[in-house]
Amino acid sequence: MEQQAIWAIGIFLIIYGLIISEKIHRTILAMLGAVLMVVCGIVDQETALHHIDFNTLGLLIGMMIIVGVTAETGLFKYVALKAAKIAKGKPTRIMIALVVITAAASALLDNVTTVLLMAPVTFSLTRQLRVNPIPFLITQIIASNVGGTATLIGDPPNIMIGSAVKELTFMAFITNLTPIVIIILLVYLPLFVLMFRKQIQSTPELQRSIMEMDEKVMITNSKLLKKCLVVLGLTIVGFFLHQTLHLESATVALSGAFLLLLLTGESMMEKAFHSVEWITLFFFVGLFILVSGLVETGVIAELAAKAIELTGGNILATSMLILWLSAIASAFLDNIPFVATMIPMIQEMSIRGVSNPEPLWWSLALGACLGGNGTLIGASANLIVAGLAGKEGYPISFVKYLKVGFPLMILSIVLSSVYIYWRYLL
């Protein structure tokens with residue numbers, strides 16, 4: 001097992017290094033790493049497939065189809081123009097408006113769905129203003145991960161924690177996590193303006209041209225739009241009720257997608273499947289299997305066990321360690337397998353006499369969700385936006401994102417540390 005663990009770490013580090021170098025496409029590298037994990041006998045094929053999170057993939061595919069069909073109606077162009085007119089056509093104001101909308105929507109839907117809805121809006125707006133969309137996209141990635149932290153349904157780690165610990169209800173997540181999410185967002189907004197205002201300058205003429213446009217003409221197919229809005233509404237209600245109905249979020253998303261295709265007929269099917277980001281989905285598949293090598297050989301569990309051992313069971317030290325370990329690990333690994341490893345460890349600590357484990361759960365949720373902002377591969381939303389940006393001819397490089405995302409992630413974890421200490425441990 002030790003030999004296999006060394007091989008797993010070696011393969012992971014080599015593949016990860018190559019992903020950072022960006023010499024070869026990250027999907028090819030992730031799938032190559034996945035194949036190596038199986039070929040080298042670190043995980044067998046059945047175990048590798050078991051580690052692929054099909055709930056995440058199903059959710060992505062379902063929402064990509066719904067968004068792809070809805071995009072045909074012109075709805076996103078309408079929303080883009082309306083938002084731009086409310087912001088008086090000023091790029092900095094538009095960026096802030098989109099950040100706030102993204103964060104709020106990520107809490108109510110989930111952050112992946114939100115960025116799928118917001119990205120087409122952003123491209124439409126930035127084309128009109130002739131400004132670089134990358135600052136808008138990076139701020140929306142960060143806002144989606146922050147907003148998704150606020151509720152049980154906003155981010156996959158929260159869903160996993162909520163299902164493992166029945167006492168942590170939907171309202172418990174809101175009352176415990178939403179206050180710090182609002183604080184982080186309020187700190188971020190002026191920083192976004194300082195960082196990007198010089199990169200997104202537009203001319204008064206272009207701003208005036210937006211104010212003179214009629215957003216109503218953007219709706220090209222009102223009959224299809226009504227069908228899309230009904231299905232989107234049902235899907236959102238499904239997300240709110242999916243735990244009550246005992247349905248996974250992927251089932252809800254795919255049900256919505258295929259109901260929409262049933263209502264729109266075969267004419268939309270090709271366009272709908274063309275809008276699915278298959279390259280990004282295969283990157284996820286490769287990443288899940290690549291990380292499975294670290295999980296199956298006990299590398300992640302050993303790392304978590306040693307880290308918790310260091311604290312000697314002190315609740316403050318353990319909370320801070322889980323928060324920071326989760327954040328750093330989630331920036332560089334996928335946070336889903338990491339959280340899956342941490343949940344039984346925290347449960348074990350509760351059995352062994354930790355009298356108040358609640359701060360540990362909130363530390364795990366904050367660290368795993370906010371840590372996803374650290375790098376381009378830290379969370380699902382990051383990869384989706386990067387994939388869409390690349391398709392539009394605006395690739396977001398690993399290093400370009402890292403320079404913005406990592407310092408802001410560290411700032412959010414510092415704020416979370418103060419919040420955890422002040423609210424639960426003071």
# chains A, B, ... in the order shown; residues from 1 in each chain; ligands from 1
call {"tool": "select_by_dssp", "arguments": {"residues": "range 131-375 of chain A", "states": "alpha helix (DSSP H)", "output": "ChimeraX atom specification"}}
result
/A:134-148,156-164,170-196,204-212,222-241,249-264,269-274,278-296,299-311,315-332,335-351,358-371
call {"tool": "residues_around", "arguments": {"residues": "range 157-160 of chain A", "least_positions_apart": "5", "cutoff": "9 Å", "atoms": "only C-alpha atoms", "output": "compact mmCIF listing (two decimals) with all heavy atoms, in the first residue's frame"}}
result
# COMPACT_ATOMS: atom_id res chain seq x y z
N GLY A 148 -22.45 30.67 -3.08
CA GLY A 148 -22.83 29.26 -2.90
C GLY A 148 -22.57 28.74 -1.50
O GLY A 148 -23.18 27.75 -1.07
N THR A 149 -21.68 29.40 -0.77
CA THR A 149 -21.35 29.01 0.60
C THR A 149 -22.50 29.28 1.57
O THR A 149 -22.59 28.67 2.63
CB THR A 149 -20.09 29.78 1.08
OG1 THR A 149 -19.06 29.66 0.10
CG2 THR A 149 -19.56 29.26 2.41
N ALA A 150 -23.40 30.19 1.20
CA ALA A 150 -24.39 30.72 2.14
C ALA A 150 -25.51 29.74 2.50
O ALA A 150 -26.12 29.87 3.55
CB ALA A 150 -25.00 32.00 1.56
N THR A 151 -25.80 28.76 1.62
CA THR A 151 -26.95 27.87 1.87
C THR A 151 -26.57 26.40 1.69
O THR A 151 -25.53 26.08 1.11
CB THR A 151 -28.12 28.19 0.91
OG1 THR A 151 -27.72 27.85 -0.43
CG2 THR A 151 -28.54 29.64 0.98
N LEU A 152 -27.48 25.54 2.12
CA LEU A 152 -27.27 24.09 2.01
C LEU A 152 -27.20 23.65 0.56
O LEU A 152 -26.47 22.72 0.22
CB LEU A 152 -28.40 23.36 2.74
CG LEU A 152 -28.29 21.85 2.88
CD1 LEU A 152 -28.89 21.40 4.19
CD2 LEU A 152 -28.99 21.12 1.73
N VAL A 165 -25.09 15.20 8.36
CA VAL A 165 -25.42 15.66 9.72
C VAL A 165 -26.85 16.22 9.69
O VAL A 165 -27.07 17.37 9.30
CB VAL A 165 -24.43 16.75 10.20
CG1 VAL A 165 -24.61 17.03 11.67
CG2 VAL A 165 -23.00 16.36 9.90
N PHE A 173 -27.95 26.36 7.95
CA PHE A 173 -26.91 26.85 7.04
C PHE A 173 -27.07 28.35 6.81
O PHE A 173 -26.09 29.09 6.82
CB PHE A 173 -26.99 26.10 5.70
CG PHE A 173 -26.20 24.82 5.69
CD1 PHE A 173 -26.74 23.65 6.20
CD2 PHE A 173 -24.91 24.78 5.19
CE1 PHE A 173 -26.02 22.46 6.20
CE2 PHE A 173 -24.17 23.60 5.18
CZ PHE A 173 -24.73 22.44 5.69
N ASN A 335 -12.85 19.74 -4.11
CA ASN A 335 -13.30 19.76 -2.72
C ASN A 335 -14.27 18.62 -2.37
O ASN A 335 -14.44 18.30 -1.21
CB ASN A 335 -13.89 21.12 -2.33
CG ASN A 335 -15.02 21.58 -3.23
OD1 ASN A 335 -15.59 20.80 -3.98
ND2 ASN A 335 -15.34 22.86 -3.15
N ILE A 336 -14.87 17.99 -3.38
CA ILE A 336 -15.85 16.94 -3.10
C ILE A 336 -15.20 15.70 -2.46
O ILE A 336 -15.63 15.28 -1.38
CB ILE A 336 -16.67 16.58 -4.37
CG1 ILE A 336 -17.56 17.78 -4.75
CG2 ILE A 336 -17.52 15.33 -4.16
CD1 ILE A 336 -18.20 17.68 -6.11
N VAL A 339 -13.96 16.64 1.13
CA VAL A 339 -15.04 16.73 2.12
C VAL A 339 -15.54 15.33 2.47
O VAL A 339 -15.84 15.04 3.64
CB VAL A 339 -16.18 17.64 1.60
CG1 VAL A 339 -17.42 17.55 2.48
CG2 VAL A 339 -15.71 19.09 1.53
N ALA A 340 -15.62 14.46 1.47
CA ALA A 340 -16.04 13.07 1.72
C ALA A 340 -15.10 12.37 2.70
O ALA A 340 -15.53 11.53 3.50
CB ALA A 340 -16.09 12.30 0.40
N ILE A 343 -15.64 14.27 6.46
CA ILE A 343 -16.90 14.06 7.20
C ILE A 343 -16.79 12.92 8.22
O ILE A 343 -17.08 13.13 9.41
CB ILE A 343 -18.09 13.85 6.22
CG1 ILE A 343 -18.49 15.21 5.60
CG2 ILE A 343 -19.30 13.24 6.93
CD1 ILE A 343 -19.47 15.12 4.44
N LEU A 364 -15.46 23.37 8.17
CA LEU A 364 -15.30 22.53 6.97
C LEU A 364 -16.06 23.13 5.79
O LEU A 364 -15.51 23.21 4.67
CB LEU A 364 -15.80 21.11 7.26
CG LEU A 364 -15.72 20.11 6.09
CD1 LEU A 364 -14.29 19.91 5.62
CD2 LEU A 364 -16.34 18.77 6.48
N ALA A 365 -17.29 23.58 6.03
CA ALA A 365 -18.10 24.16 4.95
C ALA A 365 -17.45 25.42 4.39
O ALA A 365 -17.32 25.58 3.17
CB ALA A 365 -19.51 24.48 5.46
N LEU A 366 -17.03 26.32 5.28
CA LEU A 366 -16.40 27.57 4.85
C LEU A 366 -15.08 27.31 4.12
O LEU A 366 -14.82 27.89 3.06
CB LEU A 366 -16.16 28.50 6.04
CG LEU A 366 -17.41 29.17 6.64
CD1 LEU A 366 -17.10 29.79 7.99
CD2 LEU A 366 -17.96 30.23 5.68
N ALA A 368 -13.97 24.50 2.59
CA ALA A 368 -14.11 23.77 1.33
C ALA A 368 -14.74 24.63 0.23
O ALA A 368 -14.29 24.61 -0.91
CB ALA A 368 -14.96 22.52 1.54
N CYS A 369 -15.78 25.41 0.60
CA CYS A 369 -16.46 26.23 -0.42
C CYS A 369 -15.64 27.45 -0.83
O CYS A 369 -15.46 27.72 -2.02
CB CYS A 369 -17.83 26.68 0.09
SG CYS A 369 -18.98 25.33 0.39
call {"tool": "residues_around", "arguments": {"residues": "Ile86 in chain A", "least_positions_apart": "4", "cutoff": "12 Å", "atoms": "only C-alpha atoms", "output": "PyMOL selection string"}}
result
chain A and resi 79-82+90-91+93-94+96-98+207+210-211+215
call {"tool": "atom_distance", "arguments": {"atom1": "CA of Tyr394 in chain A", "atom2": "CA of Leu254 in chain A"}}
result
29.2 Å
call {"tool": "closest_atom_pairs", "arguments": {"of": "range 252-295 of chain A", "to": "range 324-333 of chain A", "cutoff": "12 Å", "atoms": "only C-alpha atoms", "output": "tab-separated table"}}
result
residue	atom	partner	partner_atom	distance
A:Phe284	CA	A:Leu333	CA	11.5
A:Leu287	CA	A:Leu333	CA	8.6
A:Phe288	CA	A:Leu333	CA	9.5
A:Ile289	CA	A:Leu333	CA	11.8
A:Leu290	CA	A:Leu333	CA	9.8
A:Val291	CA	A:Leu333	CA	7.4
A:Ser292	CA	A:Leu333	CA	10.9
A:Leu294	CA	A:Leu333	CA	10.3
A:Val295	CA	A:Leu333	CA	11.3
call {"tool": "write_last_selection", "arguments": {"atoms": "N, CA, C and O atoms", "output": "tab-separated table (two decimals), in the first residue's frame"}}
result
chain	number	residue	atom	x	y	z
A	284	PHE	N	-13.51	16.85	-15.62
A	284	PHE	CA	-14.02	16.43	-14.31
A	284	PHE	C	-13.83	14.93	-14.09
A	284	PHE	O	-13.40	14.51	-13.01
A	287	LEU	N	-10.28	14.18	-13.37
A	287	LEU	CA	-9.90	14.71	-12.06
A	287	LEU	C	-10.41	13.84	-10.93
A	287	LEU	O	-9.69	13.55	-9.97
A	288	PHE	N	-11.67	13.38	-11.04
A	288	PHE	CA	-12.24	12.51	-10.01
A	288	PHE	C	-11.42	11.22	-9.86
A	288	PHE	O	-11.15	10.77	-8.75
A	289	ILE	N	-11.03	10.63	-11.00
A	289	ILE	CA	-10.27	9.37	-10.95
A	289	ILE	C	-8.85	9.64	-10.47
A	289	ILE	O	-8.28	8.85	-9.69
A	290	LEU	N	-8.27	10.75	-10.89
A	290	LEU	CA	-6.92	11.12	-10.45
A	290	LEU	C	-6.87	11.25	-8.93
A	290	LEU	O	-5.96	10.72	-8.27
A	291	VAL	N	-7.86	11.92	-8.36
A	291	VAL	CA	-7.92	12.10	-6.90
A	291	VAL	C	-8.27	10.78	-6.21
A	291	VAL	O	-7.85	10.54	-5.07
A	292	SER	N	-9.01	9.89	-6.90
A	292	SER	CA	-9.37	8.60	-6.30
A	292	SER	C	-8.14	7.79	-5.90
A	292	SER	O	-8.16	7.05	-4.93
A	294	LEU	N	-5.41	9.03	-4.64
A	294	LEU	CA	-4.99	9.55	-3.33
A	294	LEU	C	-5.94	9.11	-2.22
A	294	LEU	O	-5.52	8.86	-1.09
A	295	VAL	N	-7.23	8.99	-2.57
A	295	VAL	CA	-8.22	8.56	-1.57
A	295	VAL	C	-8.03	7.08	-1.24
A	295	VAL	O	-7.94	6.70	-0.07
call {"tool": "residues_around", "arguments": {"residues": "Ala143 in chain A", "least_positions_apart": "6", "cutoff": "10 Å", "atoms": "only C-alpha atoms", "output": "VMD selection string"}}
result
chain A and resid 98 to 106 111 115 137 149 181 184 to 185 188 to 189 370 373
call {"tool": "residues_around", "arguments": {"residues": "range 21-34 of chain A", "least_positions_apart": "4", "cutoff": "7 Å", "atoms": "only C-alpha atoms", "output": "list in words"}}
result
Ile11, Ile15, Gly17, Val38, Ile279, Phe282, Phe283, Gly286, Leu287, Ile289 and Leu290 of chain A
call {"tool": "closest_residue", "arguments": {"among": "A:Glu167, A:Ala250, A:Pro133, A:Pro156", "to": "Gly390 in chain A", "atoms": "only C-alpha atoms"}}
result
A:Pro133
call {"tool": "decode", "arguments": {"residues": "range 121-155 of chain A", "atoms": "N, CA and C atoms", "output": "JSON list (two decimals), in the first residue's frame"}}
result
[["chain", "number", "residue", "atom", "x", "y", "z"],
["A", 121, "VAL", "N", -24.71, 36.24, -20.64],
["A", 121, "VAL", "CA", -25.05, 37.65, -20.37],
["A", 121, "VAL", "C", -23.79, 38.51, -20.41],
["A", 122, "THR", "N", -22.75, 38.02, -19.77],
["A", 122, "THR", "CA", -21.49, 38.76, -19.69],
["A", 122, "THR", "C", -20.85, 38.95, -21.06],
["A", 123, "PHE", "N", -20.81, 37.89, -21.85],
["A", 123, "PHE", "CA", -20.22, 38.00, -23.20],
["A", 123, "PHE", "C", -21.00, 38.99, -24.06],
["A", 124, "SER", "N", -22.33, 38.97, -23.96],
["A", 124, "SER", "CA", -23.16, 39.88, -24.72],
["A", 124, "SER", "C", -22.88, 41.34, -24.35],
["A", 125, "LEU", "N", -22.77, 41.59, -23.05],
["A", 125, "LEU", "CA", -22.51, 42.95, -22.55],
["A", 125, "LEU", "C", -21.14, 43.46, -22.95],
["A", 126, "THR", "N", -20.13, 42.62, -22.74],
["A", 126, "THR", "CA", -18.76, 43.07, -23.00],
["A", 126, "THR", "C", -18.51, 43.28, -24.50],
["A", 127, "ARG", "N", -19.19, 42.49, -25.33],
["A", 127, "ARG", "CA", -19.09, 42.72, -26.79],
["A", 127, "ARG", "C", -19.65, 44.09, -27.14],
["A", 128, "GLN", "N", -20.78, 44.43, -26.53],
["A", 128, "GLN", "CA", -21.43, 45.72, -26.80],
["A", 128, "GLN", "C", -20.56, 46.89, -26.36],
["A", 129, "LEU", "N", -19.88, 46.73, -25.21],
["A", 129, "LEU", "CA", -19.04, 47.81, -24.67],
["A", 129, "LEU", "C", -17.60, 47.76, -25.20],
["A", 130, "ARG", "N", -17.29, 46.66, -25.94],
["A", 130, "ARG", "CA", -15.94, 46.43, -26.48],
["A", 130, "ARG", "C", -14.87, 46.46, -25.38],
["A", 131, "VAL", "N", -15.16, 45.74, -24.30],
["A", 131, "VAL", "CA", -14.19, 45.60, -23.21],
["A", 131, "VAL", "C", -13.87, 44.12, -23.01],
["A", 132, "ASN", "N", -12.74, 43.85, -22.36],
["A", 132, "ASN", "CA", -12.29, 42.49, -22.09],
["A", 132, "ASN", "C", -13.24, 41.82, -21.09],
["A", 133, "PRO", "N", -13.82, 40.64, -21.42],
["A", 133, "PRO", "CA", -14.75, 40.00, -20.49],
["A", 133, "PRO", "C", -14.08, 39.30, -19.31],
["A", 134, "ILE", "N", -12.75, 39.10, -19.37],
["A", 134, "ILE", "CA", -12.08, 38.29, -18.34],
["A", 134, "ILE", "C", -12.25, 38.86, -16.92],
["A", 135, "PRO", "N", -12.08, 40.18, -16.68],
["A", 135, "PRO", "CA", -12.33, 40.70, -15.32],
["A", 135, "PRO", "C", -13.75, 40.41, -14.82],
["A", 136, "PHE", "N", -14.73, 40.52, -15.72],
["A", 136, "PHE", "CA", -16.12, 40.24, -15.36],
["A", 136, "PHE", "C", -16.28, 38.76, -14.98],
["A", 137, "LEU", "N", -15.64, 37.88, -15.76],
["A", 137, "LEU", "CA", -15.77, 36.43, -15.54],
["A", 137, "LEU", "C", -15.08, 36.00, -14.24],
["A", 138, "ILE", "N", -13.87, 36.53, -14.00],
["A", 138, "ILE", "CA", -13.13, 36.16, -12.78],
["A", 138, "ILE", "C", -13.90, 36.61, -11.53],
["A", 139, "THR", "N", -14.44, 37.82, -11.56],
["A", 139, "THR", "CA", -15.20, 38.31, -10.39],
["A", 139, "THR", "C", -16.47, 37.49, -10.18],
["A", 140, "GLN", "N", -17.06, 37.02, -11.28],
["A", 140, "GLN", "CA", -18.27, 36.19, -11.16],
["A", 140, "GLN", "C", -17.95, 34.79, -10.63],
["A", 141, "ILE", "N", -16.81, 34.22, -11.03],
["A", 141, "ILE", "CA", -16.38, 32.93, -10.48],
["A", 141, "ILE", "C", -16.27, 33.05, -8.95],
["A", 142, "ILE", "N", -15.57, 34.09, -8.51],
["A", 142, "ILE", "CA", -15.35, 34.30, -7.07],
["A", 142, "ILE", "C", -16.68, 34.53, -6.36],
["A", 143, "ALA", "N", -17.55, 35.36, -6.96],
["A", 143, "ALA", "CA", -18.86, 35.64, -6.35],
["A", 143, "ALA", "C", -19.72, 34.38, -6.27],
["A", 144, "SER", "N", -19.62, 33.51, -7.28],
["A", 144, "SER", "CA", -20.45, 32.29, -7.29],
["A", 144, "SER", "C", -20.04, 31.35, -6.16],
["A", 145, "ASN", "N", -18.74, 31.24, -5.91],
["A", 145, "ASN", "CA", -18.27, 30.36, -4.82],
["A", 145, "ASN", "C", -18.58, 30.95, -3.45],
["A", 146, "VAL", "N", -18.49, 32.28, -3.33],
["A", 146, "VAL", "CA", -18.83, 32.94, -2.06],
["A", 146, "VAL", "C", -20.33, 32.81, -1.80],
["A", 147, "GLY", "N", -21.14, 33.14, -2.81],
["A", 147, "GLY", "CA", -22.60, 33.06, -2.67],
["A", 147, "GLY", "C", -23.08, 31.64, -2.40],
["A", 148, "GLY", "N", -22.45, 30.67, -3.08],
["A", 148, "GLY", "CA", -22.83, 29.26, -2.90],
["A", 148, "GLY", "C", -22.57, 28.74, -1.50],
["A", 149, "THR", "N", -21.68, 29.40, -0.77],
["A", 149, "THR", "CA", -21.35, 29.01, 0.60],
["A", 149, "THR", "C", -22.50, 29.28, 1.57],
["A", 150, "ALA", "N", -23.40, 30.19, 1.20],
["A", 150, "ALA", "CA", -24.39, 30.72, 2.14],
["A", 150, "ALA", "C", -25.51, 29.74, 2.50],
["A", 151, "THR", "N", -25.80, 28.76, 1.62],
["A", 151, "THR", "CA", -26.95, 27.87, 1.87],
["A", 151, "THR", "C", -26.57, 26.40, 1.69],
["A", 152, "LEU", "N", -27.48, 25.54, 2.12],
["A", 152, "LEU", "CA", -27.27, 24.09, 2.01],
["A", 152, "LEU", "C", -27.20, 23.65, 0.56],
["A", 153, "ILE", "N", -27.97, 24.31, -0.33],
["A", 153, "ILE", "CA", -28.04, 23.87, -1.74],
["A", 153, "ILE", "C", -27.08, 24.63, -2.66],
["A", 154, "GLY", "N", -26.32, 25.58, -2.10],
["A", 154, "GLY", "CA", -25.50, 26.45, -2.94],
["A", 154, "GLY", "C", -24.25, 25.81, -3.52],
["A", 155, "ASP", "N", -23.67, 24.83, -2.81],
["A", 155, "ASP", "CA", -22.39, 24.25, -3.22],
["A", 155, "ASP", "C", -22.36, 22.77, -2.81]]
